[in-house]
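Heads up, structure39.pdb below (PDB, C-alpha atoms and all ligand atoms):
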ATOM      1  CA  MET F   1     -16.169  44.827 212.648
ATOM      2  CA  PRO F   2     -16.077  45.691 208.951
ATOM      3  CA  GLU F   3     -19.093  44.863 206.860
ATOM      4  CA  ILE F   4     -18.670  41.721 204.755
ATOM      5  CA  GLN F   5     -19.736  43.596 201.625
ATOM      6  CA  ASP F   6     -16.954  46.196 202.109
ATOM      7  CA  LEU F   7     -14.351  43.454 202.558
ATOM      8  CA  LEU F   8     -15.727  41.610 199.558
ATOM      9  CA  ASP F   9     -15.716  44.633 197.234
ATOM     10  CA  GLU F  10     -12.199  45.629 198.275
ATOM     11  CA  SER F  11     -10.769  42.110 197.964
ATOM     12  CA  LEU F  12     -12.387  41.354 194.627
ATOM     13  CA  ALA F  13     -11.124  44.641 193.200
ATOM     14  CA  ARG F  14      -7.571  43.812 194.309
ATOM     15  CA  TYR F  15      -7.408  40.183 193.213
ATOM     16  CA  PRO F  16      -6.577  40.466 189.470
ATOM     17  CA  ALA F  17      -3.601  42.824 189.916
ATOM     18  CA  TYR F  18      -2.432  40.945 193.011
ATOM     19  CA  CYS F  19      -2.293  37.620 191.147
ATOM     20  CA  THR F  20      -0.468  39.217 188.199
ATOM     21  CA  GLU F  21       2.049  40.775 190.588
ATOM     22  CA  LEU F  22       2.645  37.449 192.357
ATOM     23  CA  ARG F  23       3.024  35.582 189.051
ATOM     24  CA  GLU F  24       5.525  38.090 187.681
ATOM     25  CA  ALA F  25       7.546  38.140 190.912
ATOM     26  CA  THR F  26       7.682  34.376 191.488
ATOM     27  CA  GLY F  27       6.897  32.525 188.263
ATOM     28  CA  VAL F  28       4.075  30.673 190.071
ATOM     29  CA  ASP F  29       0.656  31.372 188.569
ATOM     30  CA  PRO F  30      -2.262  31.449 191.056
ATOM     31  CA  GLU F  31      -4.495  30.931 187.995
ATOM     32  CA  TYR F  32      -6.942  33.773 188.539
ATOM     33  CA  TRP F  33      -9.585  32.938 185.935
ATOM     34  CA  VAL F  34     -12.835  34.788 185.204
ATOM     35  CA  CYS F  35     -14.688  31.657 184.156
ATOM     36  CA  GLY F  36     -18.266  32.675 185.063
ATOM     37  CA  ALA F  37     -20.805  30.708 187.092
ATOM     38  CA  ARG F  38     -24.132  29.104 186.270
ATOM     39  CA  VAL F  39     -26.306  29.017 189.382
ATOM     40  CA  TYR F  40     -29.479  26.951 189.780
ATOM     41  CA  GLY F  41     -31.847  28.251 192.426
ATOM     42  CA  ALA F  42     -35.480  28.773 193.310
ATOM     43  CA  ALA F  43     -35.599  31.588 190.740
ATOM     44  CA  GLY F  44     -34.385  29.249 188.002
ATOM     45  CA  GLU F  45     -31.052  29.262 186.204
ATOM     46  CA  ARG F  46     -28.844  32.370 186.312
ATOM     47  CA  TRP F  47     -25.544  33.179 184.626
ATOM     48  CA  PHE F  48     -22.908  35.329 186.376
ATOM     49  CA  PRO F  49     -20.143  36.028 183.818
ATOM     50  CA  GLU F  50     -17.974  38.026 186.249
ATOM     51  CA  VAL F  51     -17.370  35.180 188.736
ATOM     52  CA  ALA F  52     -13.699  34.194 189.000
ATOM     53  CA  GLN F  53     -11.717  31.408 190.610
ATOM     54  CA  ILE F  54      -8.161  30.987 191.827
ATOM     55  CA  ARG F  55      -6.107  27.886 192.490
ATOM     56  CA  ASN F  56      -5.565  28.346 196.230
ATOM     57  CA  PRO F  57      -2.575  25.989 196.765
ATOM     58  CA  ARG F  58      -0.737  27.853 193.973
ATOM     59  CA  LEU F  59      -1.730  31.199 195.456
ATOM     60  CA  LEU F  60      -0.132  30.168 198.756
ATOM     61  CA  GLN F  61       2.944  28.754 197.023
ATOM     62  CA  ALA F  62       3.421  32.069 195.174
ATOM     63  CA  LEU F  63       2.818  34.070 198.335
ATOM     64  CA  LEU F  64       5.411  32.086 200.306
ATOM     65  CA  LEU F  65       7.982  32.594 197.557
ATOM     66  CA  ALA F  66       7.224  36.331 197.341
ATOM     67  CA  LEU F  67       7.549  36.740 201.108
ATOM     68  CA  ARG F  68      10.888  34.931 201.143
ATOM     69  CA  GLN F  69      12.112  37.118 198.253
ATOM     70  CA  GLN F  70      11.294  40.134 200.418
ATOM     71  CA  GLY F  71      13.340  38.790 203.315
ATOM     72  CA  VAL F  72      10.476  37.588 205.524
ATOM     73  CA  THR F  73      11.503  34.770 207.878
ATOM     74  CA  ILE F  74       9.030  31.882 207.955
ATOM     75  CA  HIS F  75       9.081  29.117 210.591
ATOM     76  CA  PRO F  76       6.978  26.333 209.084
ATOM     77  CA  TYR F  77       5.467  23.762 211.464
ATOM     78  CA  VAL F  78       6.416  25.773 214.557
ATOM     79  CA  PRO F  79       3.232  26.211 216.613
ATOM     80  CA  ALA F  80       2.564  29.341 218.624
ATOM     81  CA  THR F  81       1.693  28.167 222.143
ATOM     82  CA  GLY F  82       1.064  31.474 223.899
ATOM     83  CA  TRP F  83       2.291  34.991 224.562
ATOM     84  CA  ALA F  84       5.239  36.445 226.451
ATOM     85  CA  LYS F  85       4.369  39.635 228.314
ATOM     86  CA  ALA F  86       6.411  42.476 229.730
ATOM     87  CA  ALA F  87       5.141  45.630 231.417
ATOM     88  CA  GLY F  88       1.558  44.563 230.766
ATOM     89  CA  ARG F  89       1.863  44.227 227.006
ATOM     90  CA  LEU F  90       2.955  41.721 224.354
ATOM     91  CA  ALA F  91       6.684  40.968 224.332
ATOM     92  CA  GLY F  92       6.772  37.818 222.197
ATOM     93  CA  VAL F  93       5.191  34.653 220.835
ATOM     94  CA  THR F  94       6.065  31.470 222.709
ATOM     95  CA  THR F  95       6.777  28.233 220.828
ATOM     96  CA  PRO F  96       8.171  24.797 221.816
ATOM     97  CA  PHE F  97      11.509  26.012 220.401
ATOM     98  CA  GLY F  98      11.713  29.283 222.296
ATOM     99  CA  THR F  99      10.175  32.722 222.253
ATOM    100  CA  VAL F 100      10.061  34.927 219.178
ATOM    101  CA  ALA F 101      10.389  38.453 220.569
ATOM    102  CA  CYS F 102       7.973  41.027 219.139
ATOM    103  CA  ARG F 103       5.931  44.017 220.272
ATOM    104  CA  GLN F 104       3.055  43.308 217.927
ATOM    105  CA  ALA F 105       1.596  40.027 216.626
ATOM    106  CA  VAL F 106      -1.390  38.894 214.568
ATOM    107  CA  LEU F 107      -3.097  35.643 215.487
ATOM    108  CA  ALA F 108      -4.332  34.111 212.210
ATOM    109  CA  ALA F 109      -4.465  30.418 213.113
ATOM    110  CA  GLY F 110      -7.814  29.784 211.431
ATOM    111  CA  ALA F 111     -10.008  27.226 213.188
ATOM    112  CA  TRP F 112      -7.220  26.718 215.764
ATOM    113  CA  SER F 113      -7.161  30.385 216.831
ATOM    114  CA  GLY F 114      -9.261  29.618 219.916
ATOM    115  CA  GLN F 115      -6.538  27.242 221.155
ATOM    116  CA  VAL F 116      -3.975  30.052 221.370
ATOM    117  CA  ALA F 117      -6.194  32.873 222.635
ATOM    118  CA  GLY F 118      -9.621  33.097 224.180
ATOM    119  CA  ILE F 119     -11.389  33.581 220.878
ATOM    120  CA  SER F 120     -14.651  31.952 219.908
ATOM    121  CA  VAL F 121     -13.924  30.140 216.639
ATOM    122  CA  GLN F 122     -15.163  26.642 215.853
ATOM    123  CA  PRO F 123     -13.867  24.281 213.163
ATOM    124  CA  ILE F 124     -16.411  23.521 210.441
ATOM    125  CA  LYS F 125     -15.250  20.514 208.451
ATOM    126  CA  GLY F 126     -15.484  20.615 204.667
ATOM    127  CA  GLN F 127     -14.837  17.635 202.352
ATOM    128  CA  MET F 128     -14.027  18.007 198.661
ATOM    129  CA  LEU F 129     -13.304  15.751 195.700
ATOM    130  CA  LEU F 130     -11.190  16.197 192.602
ATOM    131  CA  LEU F 131     -12.775  14.360 189.662
ATOM    132  CA  GLN F 132     -10.871  13.546 186.479
ATOM    133  CA  ASP F 133     -13.108  14.512 183.574
ATOM    134  CA  GLN F 134     -12.868  13.064 180.052
ATOM    135  CA  GLY F 135     -12.570  16.359 178.220
ATOM    136  CA  ASP F 136     -16.274  16.963 178.845
ATOM    137  CA  ALA F 137     -16.027  19.274 181.880
ATOM    138  CA  PRO F 138     -17.900  22.576 182.032
ATOM    139  CA  ALA F 139     -15.828  25.643 181.175
ATOM    140  CA  HIS F 140     -17.416  27.524 184.066
ATOM    141  CA  ILE F 141     -18.496  27.015 187.667
ATOM    142  CA  VAL F 142     -21.824  25.223 188.153
ATOM    143  CA  MET F 143     -23.643  25.389 191.463
ATOM    144  CA  ASP F 144     -26.885  25.115 193.370
ATOM    145  CA  GLU F 145     -27.758  25.512 197.029
ATOM    146  CA  HIS F 146     -26.150  22.157 197.936
ATOM    147  CA  ALA F 147     -22.906  21.938 195.994
ATOM    148  CA  TYR F 148     -20.614  23.369 193.345
ATOM    149  CA  LEU F 149     -18.369  22.163 190.516
ATOM    150  CA  VAL F 150     -15.231  24.155 189.728
ATOM    151  CA  PRO F 151     -13.313  23.197 186.560
ATOM    152  CA  ARG F 152      -9.542  23.548 186.717
ATOM    153  CA  ARG F 153      -7.724  25.057 183.762
ATOM    154  CA  GLY F 154      -5.413  22.112 183.251
ATOM    155  CA  GLY F 155      -8.218  19.532 183.546
ATOM    156  CA  GLY F 156     -10.072  18.056 186.484
ATOM    157  CA  VAL F 157     -13.119  19.327 188.329
ATOM    158  CA  VAL F 158     -13.337  20.136 192.036
ATOM    159  CA  VAL F 159     -16.618  19.202 193.737
ATOM    160  CA  GLY F 160     -17.531  20.681 197.092
ATOM    161  CA  SER F 161     -18.401  20.573 199.814
ATOM    162  CA  THR F 162     -19.724  19.318 203.113
ATOM    163  CA  LEU F 163     -20.436  21.464 206.182
ATOM    164  CA  GLU F 164     -19.873  19.413 209.328
ATOM    165  CA  SER F 165     -19.605  20.420 212.950
ATOM    166  CA  VAL F 166     -17.461  17.533 214.260
ATOM    167  CA  GLY F 167     -14.573  19.255 216.040
ATOM    168  CA  PHE F 168     -11.040  18.869 214.683
ATOM    169  CA  ASP F 169     -11.676  15.552 212.886
ATOM    170  CA  THR F 170     -10.050  15.668 209.447
ATOM    171  CA  SER F 171     -10.820  12.195 208.133
ATOM    172  CA  PRO F 172     -12.497  11.884 204.719
ATOM    173  CA  THR F 173     -15.645   9.717 204.843
ATOM    174  CA  ALA F 174     -17.217   7.323 202.327
ATOM    175  CA  ALA F 175     -20.652   8.921 202.940
ATOM    176  CA  ALA F 176     -19.389  12.384 201.951
ATOM    177  CA  ARG F 177     -17.626  10.926 198.921
ATOM    178  CA  SER F 178     -20.786   9.376 197.539
ATOM    179  CA  ALA F 179     -22.856  12.471 198.402
ATOM    180  CA  LEU F 180     -20.420  14.675 196.467
ATOM    181  CA  ILE F 181     -20.414  12.288 193.492
ATOM    182  CA  GLY F 182     -24.246  12.437 193.563
ATOM    183  CA  HIS F 183     -24.203  16.254 193.616
ATOM    184  CA  ALA F 184     -21.808  16.293 190.667
ATOM    185  CA  ALA F 185     -24.050  13.951 188.630
ATOM    186  CA  ARG F 186     -27.030  16.233 189.271
ATOM    187  CA  LEU F 187     -25.152  19.430 188.375
ATOM    188  CA  TRP F 188     -23.337  18.047 185.311
ATOM    189  CA  PRO F 189     -24.928  14.964 183.739
ATOM    190  CA  GLY F 190     -22.282  12.579 182.476
ATOM    191  CA  SER F 191     -19.904  13.315 185.355
ATOM    192  CA  ASP F 192     -20.791   9.917 186.857
ATOM    193  CA  ARG F 193     -18.275   8.504 184.318
ATOM    194  CA  TRP F 194     -15.443  10.556 185.834
ATOM    195  CA  SER F 195     -13.046   8.993 188.324
ATOM    196  CA  ALA F 196     -12.301  10.458 191.744
ATOM    197  CA  GLN F 197      -8.610  11.371 191.974
ATOM    198  CA  HIS F 198      -8.399  12.992 195.351
ATOM    199  CA  HIS F 199     -10.617  13.391 198.407
ATOM    200  CA  TRP F 200      -9.611  15.816 201.127
ATOM    201  CA  VAL F 201     -10.755  17.730 204.181
ATOM    202  CA  GLY F 202     -10.300  21.279 205.391
ATOM    203  CA  LEU F 203     -11.418  23.015 208.566
ATOM    204  CA  ARG F 204     -13.067  26.410 208.164
ATOM    205  CA  PRO F 205     -12.781  28.931 210.967
ATOM    206  CA  GLY F 206     -16.432  29.559 211.734
ATOM    207  CA  GLY F 207     -19.207  28.376 213.929
ATOM    208  CA  ASN F 208     -21.114  31.607 213.925
ATOM    209  CA  GLY F 209     -21.735  32.388 210.266
ATOM    210  CA  ILE F 210     -19.376  34.703 208.405
ATOM    211  CA  LYS F 211     -18.338  37.113 211.131
ATOM    212  CA  PRO F 212     -14.661  37.915 210.656
ATOM    213  CA  LEU F 213     -12.757  38.929 213.766
ATOM    214  CA  ILE F 214     -10.242  41.568 212.721
ATOM    215  CA  GLY F 215      -8.699  43.809 215.352
ATOM    216  CA  PRO F 216      -6.971  44.101 218.728
ATOM    217  CA  VAL F 217      -7.429  41.312 221.287
ATOM    218  CA  SER F 218      -8.723  42.797 224.507
ATOM    219  CA  GLY F 219      -6.555  42.237 227.551
ATOM    220  CA  LEU F 220      -3.215  42.103 225.774
ATOM    221  CA  ASP F 221      -1.870  45.263 224.167
ATOM    222  CA  GLY F 222      -0.004  44.495 220.950
ATOM    223  CA  LEU F 223      -1.917  41.314 220.083
ATOM    224  CA  PHE F 224      -4.292  41.416 217.101
ATOM    225  CA  VAL F 225      -6.466  38.775 215.509
ATOM    226  CA  ASN F 226      -7.504  38.102 211.911
ATOM    227  CA  THR F 227      -9.751  35.056 211.683
ATOM    228  CA  ALA F 228     -13.297  33.592 211.562
ATOM    229  CA  HIS F 229     -13.831  34.155 207.828
ATOM    230  CA  PHE F 230     -15.653  30.809 207.621
ATOM    231  CA  ARG F 231     -16.492  30.032 203.953
ATOM    232  CA  LEU F 232     -14.964  33.199 202.510
ATOM    233  CA  GLY F 233     -11.451  33.356 203.943
ATOM    234  CA  ILE F 234      -9.673  33.227 200.597
ATOM    235  CA  THR F 235     -12.055  35.658 198.942
ATOM    236  CA  LEU F 236     -11.839  38.210 201.778
ATOM    237  CA  SER F 237      -8.149  37.769 202.589
ATOM    238  CA  LEU F 238      -6.718  40.755 200.718
ATOM    239  CA  ALA F 239      -8.999  43.312 202.382
ATOM    240  CA  SER F 240      -8.747  41.662 205.823
ATOM    241  CA  ALA F 241      -4.974  41.652 205.710
ATOM    242  CA  ALA F 242      -4.928  45.294 204.588
ATOM    243  CA  ARG F 243      -7.150  46.253 207.565
ATOM    244  CA  VAL F 244      -5.022  44.515 210.136
ATOM    245  CA  ARG F 245      -1.872  45.977 208.605
ATOM    246  CA  ARG F 246      -3.351  49.494 208.943
ATOM    247  CA  MET F 247      -4.193  48.818 212.598
ATOM    248  CA  LEU F 248      -0.618  47.683 213.324
ATOM    249  CA  ALA F 249       0.778  50.759 211.568
ATOM    250  CA  GLU F 250      -1.539  53.104 213.497
ATOM    251  CA  GLN F 251      -0.538  51.557 216.816
ATOM    252  CA  ALA F 252       3.144  51.778 215.873
ATOM    253  CA  LYS F 253       2.724  55.420 214.832
ATOM    254  CA  ALA F 254       1.019  56.207 218.129
ATOM    255  CA  GLY F 255       4.186  54.822 219.749
ATOM    256  CA  VAL F 256       4.317  51.160 220.765
ATOM    257  CA  PRO F 257       6.043  51.380 224.174
TER
HETATM  258  C1  LIG A   1     -13.923  22.545 201.627
HETATM  259  C2  LIG A   1     -13.654  24.023 201.755
HETATM  260  C3  LIG A   1     -13.967  24.865 200.702
HETATM  261  C4  LIG A   1     -13.733  26.249 200.804
HETATM  262  N1  LIG A   1     -14.029  27.048 199.744
HETATM  263  C5  LIG A   1     -13.779  28.366 199.833
HETATM  264  C6  LIG A   1     -14.046  29.225 198.738
HETATM  265  O1  LIG A   1     -14.513  28.796 197.688
HETATM  266  N2  LIG A   1     -13.759  30.552 198.871
HETATM  267  C7  LIG A   1     -13.245  31.064 200.017
HETATM  268  O2  LIG A   1     -13.003  32.274 200.087
HETATM  269  N3  LIG A   1     -12.988  30.273 201.082
HETATM  270  C8  LIG A   1     -13.260  28.948 201.026
HETATM  271  N4  LIG A   1     -13.028  28.140 202.098
HETATM  272  C9  LIG A   1     -12.692  28.759 203.392
HETATM  273  C10 LIG A   1     -11.238  29.118 203.502
HETATM  274  O3  LIG A   1     -10.441  28.000 203.199
HETATM  275  C11 LIG A   1     -10.968  29.627 204.922
HETATM  276  O4  LIG A   1     -11.873  30.660 205.263
HETATM  277  C12 LIG A   1      -9.551  30.150 204.997
HETATM  278  O5  LIG A   1      -8.630  29.124 204.707
HETATM  279  C13 LIG A   1      -9.268  30.708 206.370
HETATM  280  O6  LIG A   1      -7.965  31.225 206.304
HETATM  281  P1  LIG A   1      -7.110  31.399 207.614
HETATM  282  O7  LIG A   1      -5.752  31.848 207.160
HETATM  283  O8  LIG A   1      -7.857  32.219 208.611
HETATM  284  O9  LIG A   1      -7.034  29.928 208.242
HETATM  285  P2  LIG A   1      -6.317  28.643 207.648
HETATM  286  O10 LIG A   1      -6.312  28.665 206.168
HETATM  287  O11 LIG A   1      -6.954  27.474 208.359
HETATM  288  O12 LIG A   1      -4.825  28.821 208.107
HETATM  289  C14 LIG A   1      -4.496  28.783 209.486
HETATM  290  C15 LIG A   1      -3.068  28.290 209.591
HETATM  291  O13 LIG A   1      -2.640  28.424 210.938
HETATM  292  C16 LIG A   1      -1.909  27.257 211.271
HETATM  293  N5  LIG A   1      -1.947  27.093 212.737
HETATM  294  C17 LIG A   1      -2.900  26.516 213.488
HETATM  295  N6  LIG A   1      -2.567  26.581 214.788
HETATM  296  C18 LIG A   1      -1.376  27.218 214.857
HETATM  297  C19 LIG A   1      -0.518  27.582 215.927
HETATM  298  N7  LIG A   1      -0.817  27.306 217.197
HETATM  299  N8  LIG A   1       0.642  28.226 215.636
HETATM  300  C20 LIG A   1       0.958  28.523 214.335
HETATM  301  N9  LIG A   1       0.179  28.204 213.275
HETATM  302  C21 LIG A   1      -0.972  27.566 213.539
HETATM  303  C22 LIG A   1      -2.609  26.144 210.532
HETATM  304  O14 LIG A   1      -1.746  25.038 210.395
HETATM  305  C23 LIG A   1      -2.915  26.825 209.217
HETATM  306  O15 LIG A   1      -1.834  26.695 208.336
HETATM  307  C24 LIG A   1     -13.215  26.771 202.003
HETATM  308  C25 LIG A   1     -12.863  25.912 203.053
HETATM  309  C26 LIG A   1     -13.079  24.553 202.928
HETATM  310  C27 LIG A   1     -12.697  23.631 204.078
END

Using the file provided, produce a representation of the structure as C-alpha cells.
Ligand SMILES: Cc1cc2nc3c(=O)[nH]c(=O)nc-3n(C[C@H](O)[C@H](O)[C@H](O)COP(=O)(O)OP(=O)(O)OC[C@H]3O[C@@H](n4cnc5c(N)ncnc54)[C@H](O)[C@@H]3O)c2cc1C
Amino acid sequence: MPEIQDLLDESLARYPAYCTELREATGVDPEYWVCGARVYGAAGERWFPEVAQIRNPRLLQALLLALRQQGVTIHPYVPATGWAKAAGRLAGVTTPFGTVACRQAVLAAGAWSGQVAGISVQPIKGQMLLLQDQGDAPAHIVMDEHAYLVPRRGGGVVVGSTLESVGFDTSPTAAARSALIGHAARLWPGSDRWSAQHHWVGLRPGGNGIKPLIGPVSGLDGLFVNTAHFRLGITLSLASAARVRRMLAEQAKAGVP
C-alpha cells in the first residue's frame, strides 16, 4: 500500500490545477481556496498559511459534468450487487437492472465497499453543522484536537465533526448538535449568536485508521478496489485515483484475456 505522505504530497500538488481545469471546463467552481489555518494544540497556537479548502459538493458537481462532457456513462442510484465471472475472471458488474459487462472494475463504494466484496471497511459516522454567521466569521480555518471551523467564501461556517462507530445509522442527533455548537463557541467566541442552518451526517470508510486499500482484489482477476481513506478521502482522492488508473492500464497492457 502506498504511504499516506506520498498520496498526500501528490494530491495536494495536483489540486490547484485540477480545480482550475474543472472550473474552466464546466463553469462550476469547486472553490479551491488557500485560506490558512489557525491550530490550537498542546504546543500553543500555530498558523499554517498554506492550508486550503474546497467545497466538496461543488467539486463533485463539476466532476460529474466533466465526465459527462467526455462521454462517460453514469448510472446514478444503481447499486452494484456483485460480480459476473467468466473463465475465472471478472466479466461484469451485477445490478438489480442487469449486468454491466466489463473486464475490469474498481470498487469504490466507500463505507459500503464491504457489502459488495469481502473487504474490511467499517462506517465511521461524522456529524456536521452549517452555521450562519453575522459577517463576523473567521477568514481562515480554526481548529483544535476536538473540532474545526471552516468558513465558506459566500458566508456560513461549517463546524465538524463527530467520530462515531454506530454502523450505518445516518440520523443527526441533538447531542452532537449541541456538542458542535459548544466546540464552535470555544474556537470562535461570539459564534454562539449564529444560527444553525443545516445539520447532516456522512459515513467515512474507515475503522482501522487511515489505511487506504488501493489495488487488485485477491481471488477475482480484473477487480480492483479504491477505498478506506477514512478522514482524508477527498484530500487523497487525486493521487489514489491516479494509482488505480495506472494499475488498470498496466493490466490491460499485459493483455487482459
Ligand atoms: C463529517 C465528515 C467530514 C469529513 N471531512 C473530510 C475532510 O475535511 N477532508 C477529507 O479529505 N475527507 C473528509 N471526510 C472523509 C471523506 O468524506 C471520505 O474519506 C470520502 O468521501 C471517501 O470517498 P469514497 O469515494 O471512498 O466514498 P464515498 O464518498 O462514501 O462514496 C461512495 C459512494 O458509493 C456509493 N455506493 C455505496 N454502495 C454502492 C453500491 N453497492 N453500488 C454502487 N454505489 C454504491 C455511495 O452511495 C457513495 O456515493 C469527511 C467525512 C465526514 C463524514

Using only C-alpha atoms and all ligand atoms, the shortest atom-to-atom distance to ligand LIG 1 (chain A) among F:Asn56, F:Ser161, F:Ser11, F:Thr20 belongs to F:Ser161

Discussion item. Show me, as a list in words, the residues that have an atom within 12 Å of Ala147 of chain F when counting only C-alpha atoms, minus same-chain residues fewer than 4 positions from it.
Written reply: Val39, Tyr40, Gly41, Gly126, Gln127, Met128, Leu129, Ile141, Val142, Met143, Val158, Val159, Gly160, Ser161, Thr162, Leu163, Ala176, Ala179, Leu180, Ile181, Gly182, His183, Ala184, Ala185, Arg186, Leu187 and Trp188 of chain F

Mind dumping the selected residues with C-alpha atoms as a short mmCIF file (atom, residue, chain, number, x, y, z; two decimals), in the coordinates of the input?
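In the end it all went to out-v4.cif:
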data_model
loop_
_atom_site.label_atom_id
_atom_site.label_comp_id
_atom_site.auth_asym_id
_atom_site.auth_seq_id
_atom_site.Cartn_x
_atom_site.Cartn_y
_atom_site.Cartn_z
CA VAL F 39 -26.31 29.02 189.38
CA TYR F 40 -29.48 26.95 189.78
CA GLY F 41 -31.85 28.25 192.43
CA GLY F 126 -15.48 20.62 204.67
CA GLN F 127 -14.84 17.64 202.35
CA MET F 128 -14.03 18.01 198.66
CA LEU F 129 -13.30 15.75 195.70
CA ILE F 141 -18.50 27.02 187.67
CA VAL F 142 -21.82 25.22 188.15
CA MET F 143 -23.64 25.39 191.46
CA VAL F 158 -13.34 20.14 192.04
CA VAL F 159 -16.62 19.20 193.74
CA GLY F 160 -17.53 20.68 197.09
CA SER F 161 -18.40 20.57 199.81
CA THR F 162 -19.72 19.32 203.11
CA LEU F 163 -20.44 21.46 206.18
CA ALA F 176 -19.39 12.38 201.95
CA ALA F 179 -22.86 12.47 198.40
CA LEU F 180 -20.42 14.68 196.47
CA ILE F 181 -20.41 12.29 193.49
CA GLY F 182 -24.25 12.44 193.56
CA HIS F 183 -24.20 16.25 193.62
CA ALA F 184 -21.81 16.29 190.67
CA ALA F 185 -24.05 13.95 188.63
CA ARG F 186 -27.03 16.23 189.27
CA LEU F 187 -25.15 19.43 188.38
CA TRP F 188 -23.34 18.05 185.31
#

Evaluate the PyMOL selection byres (((not hetatm)) within 6 of (chain A and resi 1)) here and jot the selected residues down as a JSON list (two decimals) with C-alpha atoms, in the coordinates of the input.
[["chain", "number", "residue", "atom", "x", "y", "z"],
["F", 79, "PRO", "CA", 3.23, 26.21, 216.61],
["F", 80, "ALA", "CA", 2.56, 29.34, 218.62],
["F", 81, "THR", "CA", 1.69, 28.17, 222.14],
["F", 108, "ALA", "CA", -4.33, 34.11, 212.21],
["F", 109, "ALA", "CA", -4.46, 30.42, 213.11],
["F", 110, "GLY", "CA", -7.81, 29.78, 211.43],
["F", 111, "ALA", "CA", -10.01, 27.23, 213.19],
["F", 112, "TRP", "CA", -7.22, 26.72, 215.76],
["F", 116, "VAL", "CA", -3.98, 30.05, 221.37],
["F", 125, "LYS", "CA", -15.25, 20.51, 208.45],
["F", 126, "GLY", "CA", -15.48, 20.62, 204.67],
["F", 127, "GLN", "CA", -14.84, 17.64, 202.35],
["F", 128, "MET", "CA", -14.03, 18.01, 198.66],
["F", 161, "SER", "CA", -18.40, 20.57, 199.81],
["F", 202, "GLY", "CA", -10.30, 21.28, 205.39],
["F", 203, "LEU", "CA", -11.42, 23.02, 208.57],
["F", 204, "ARG", "CA", -13.07, 26.41, 208.16],
["F", 227, "THR", "CA", -9.75, 35.06, 211.68],
["F", 229, "HIS", "CA", -13.83, 34.16, 207.83],
["F", 230, "PHE", "CA", -15.65, 30.81, 207.62],
["F", 231, "ARG", "CA", -16.49, 30.03, 203.95],
["F", 232, "LEU", "CA", -14.96, 33.20, 202.51],
["F", 233, "GLY", "CA", -11.45, 33.36, 203.94],
["F", 234, "ILE", "CA", -9.67, 33.23, 200.60],
["F", 235, "THR", "CA", -12.06, 35.66, 198.94]]

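If you look at atom CA of Pro212 of chain F and atom CA of Glu21 of chain F, they are 26.3 Å away from each other.
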
Close residues, segment 239-249 of chain F itself excluded, 7 Å, all atoms listed in the file, min 2 positions apart in chain, as a list in words:
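Near segment 239-249 of chain F, the qualifying residues are Leu7, Glu10, Ser11, Ile214, Gly215, Leu236, Ser237, Gln251, Ala252 and Lys253 of chain F.
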
field: Nearest-residue call for Cys35 of chain F, choices F:Lys211, F:Arg193, F:Arg14, F:Arg153, using all atoms listed in the file
entry: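 Between F:Lys211, F:Arg193, F:Arg14, F:Arg153, the residue approaching Cys35 of chain F most closely is F:Arg153.
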